[in-house]
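One structure below.
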Amino acid sequence: MKYNYTLDQEHAIETDASCFLLVGGAGTGKTHVFVERIFYLVHTLKLDPKHILILTSSVNELRNILTLLHDRMDASNISLFTTRMFALKIILDHEGYYKQFINQDAFEKIKIRIIKDVTGSDKKYRSYIANPNIFPNVHARIQEKLDKYILDNNISFEKDYIAYASKLLLDNEVLRQQIIHQYSHIFIDHSQDIYGEEKKFIHLITHNTQSLFVLGNEDQATHNHNMKDTYLYEVYQDDS
């Protein structure tokens with residue numbers, strides 16, 4: 001379907017600004033402009049699509065953008081993720097695809113199994129559980145086995161992929177620069193829902209990027225938070 005874009009929308013599509021914020025209500029064509037901007041970069045400016053990264057807030061929004069992209073162009077080389085999915089990709093690319101994230105319940109089951117293995121009998125196991133301080137040598141062996149199990153099985157206890165990925169990027173400037181170099185043109189959808197740890201993560205991957213295109217609409221916020229804490233508000237302030 002061919003859209004008749006307004007002059008403001010055409011400006012958004014063809015802008016050469018390094019950071020551009022597009023704000024509009026539901027049904028105003030933000031996502032179509034978003035997609036047309038990508039088409040313009042690839043087909044008019046001949047940008048290699050592998051340098052484009054699109055981040056959105058939900059799988060539903062991801063599907064919507066992907067459908068519009070496929071209607072307009074070959075999007076097979078464009079990177080499109082939810083923010084959480086992209087954070088997980090960074091972790092797995094860096095630490096290996098055998099990385100495991102486990103919750104506290106799963107960890108406790110592993111710990112119990114190791115304690116039983118080290119103590120060797122139900123009686124000693126119960127005694128240790130009742131008062132581990134009276135078994136310092138046993139406690140040290142249990143901790144050693146736990147540490148080895150965690151290392152051997154590439155386990156992390158971080159529940160939040162975004163927080164974990166942010167820590168990786170903060171601790172590894174080379175990795176962060178690789179991502180910035182790989183994705184020179186980054187598109188952020190639903191910026192009104194980006195705050196807290198997610199906003200910190202976005203900063204880490206967009207700092208000094210060549211082109212940043214941000215969509216947002218305060219009225220479409222899906223979380224109950226102060227808009228002044230969001231990425232939308234921050235970009236708006238910087239753009240003002």
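We name chains A, B, ... following the order of the structure tokens; residues begin at 1 in each chain, and ligands are numbered from 1 as shown.
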
Find the residues of range 128-233 of chain A that sit at most 10 Å from range 21-35 of chain A; for each, write down the nearest two atoms and how far apart they are in Å, to one decimal. Count only C-alpha atoms. Sort by chain, then by number going up, and give it as a Markdown table.
```
| residue | atom | partner | partner_atom | distance |
| --- | --- | --- | --- | --- |
| A:Phe187 | CA | A:Phe34 | CA | 8.1 |
| A:Ile188 | CA | A:Leu21 | CA | 9.5 |
| A:Asp189 | CA | A:Thr31 | CA | 8.5 |
| A:His190 | CA | A:Val23 | CA | 9.8 |
| A:Ser191 | CA | A:Leu21 | CA | 9.5 |
| A:Gln192 | CA | A:Val23 | CA | 9.9 |
| A:Leu212 | CA | A:Leu21 | CA | 8.4 |
| A:Phe213 | CA | A:Leu21 | CA | 6.1 |
| A:Val214 | CA | A:Leu21 | CA | 4.7 |
| A:Leu215 | CA | A:Leu22 | CA | 4.9 |
| A:Gly216 | CA | A:Val23 | CA | 5.0 |
| A:Asn217 | CA | A:Val23 | CA | 5.5 |
| A:Glu218 | CA | A:Gly25 | CA | 8.3 |
| A:Asp219 | CA | A:Gly25 | CA | 7.1 |
| A:Gln220 | CA | A:Ala26 | CA | 7.4 |
| A:Leu232 | CA | A:Leu21 | CA | 8.2 |
```

Serialized selection, C-alpha atoms, as a compact mmCIF listing (two decimals), in the first residue's frame:
```txt
# COMPACT_ATOMS: atom_id res chain seq x y z
CA PHE A 187 15.92 2.31 15.45
CA ILE A 188 14.16 2.37 18.83
CA ASP A 189 10.41 1.76 18.96
CA HIS A 190 8.10 2.45 21.92
CA SER A 191 10.62 4.66 23.68
CA GLN A 192 7.90 5.69 26.14
CA LEU A 212 19.59 6.97 16.01
CA PHE A 213 15.90 7.06 15.06
CA VAL A 214 13.46 6.97 17.97
CA LEU A 215 9.68 6.48 18.01
CA GLY A 216 7.45 7.28 20.93
CA ASN A 217 4.02 8.28 22.14
CA GLU A 218 3.35 9.14 25.76
CA ASP A 219 -0.32 8.16 25.41
CA GLN A 220 0.63 4.61 24.41
CA LEU A 232 11.35 9.15 25.19
```

Filtered DSSP result for range 42-214 of chain A, state alpha helix (DSSP H), as a VMD selection string: chain A and resid 59 to 72 83 to 95 104 to 119 122 to 130 136 to 152 161 to 171 173 to 182 196 to 206

Nearest to Asn153 in chain A, chosen from A:Ile102, A:Ile38, A:Ile78, A:Met85, with only C-alpha atoms counted in the distances: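 The closest residue to Asn153 in chain A is A:Ile102.
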
Residue nearest Val42 in chain A - candidates A:His181, A:Arg72, A:Tyr97, A:Thr6, atoms counted: only C-alpha atoms: A:Arg72

Selection: 7 Å around range 134-145 of chain A, only C-alpha atoms, excl. self and same-chain fewer than 4 positions, as a PyMOL selection string: chain A and resi 114-115+118+128+149

Atomic separation - CA of Glu14 in chain A relative to CA of Thr206 in chain A, Å: 20.2 Å

Non-local contacts of Thr15 in chain A (9 Å; only C-alpha atoms; under 5 positions in same chain excluded) as a list in words: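 Contacts, in chain order: Glu10, Phe20 and Arg37 of chain A.
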
Include C-alpha atoms and write out the residues we just selected as a PDB file, in the first residue's frame.
```pdb
ATOM      1  CA  GLU A  10       8.988  13.055   4.447  1.00  0.00           C
ATOM      2  CA  PHE A  20      15.798  11.949  15.307  1.00  0.00           C
ATOM      3  CA  ARG A  37      13.016   5.464   6.602  1.00  0.00           C
TER       4      ARG A  37
END
```
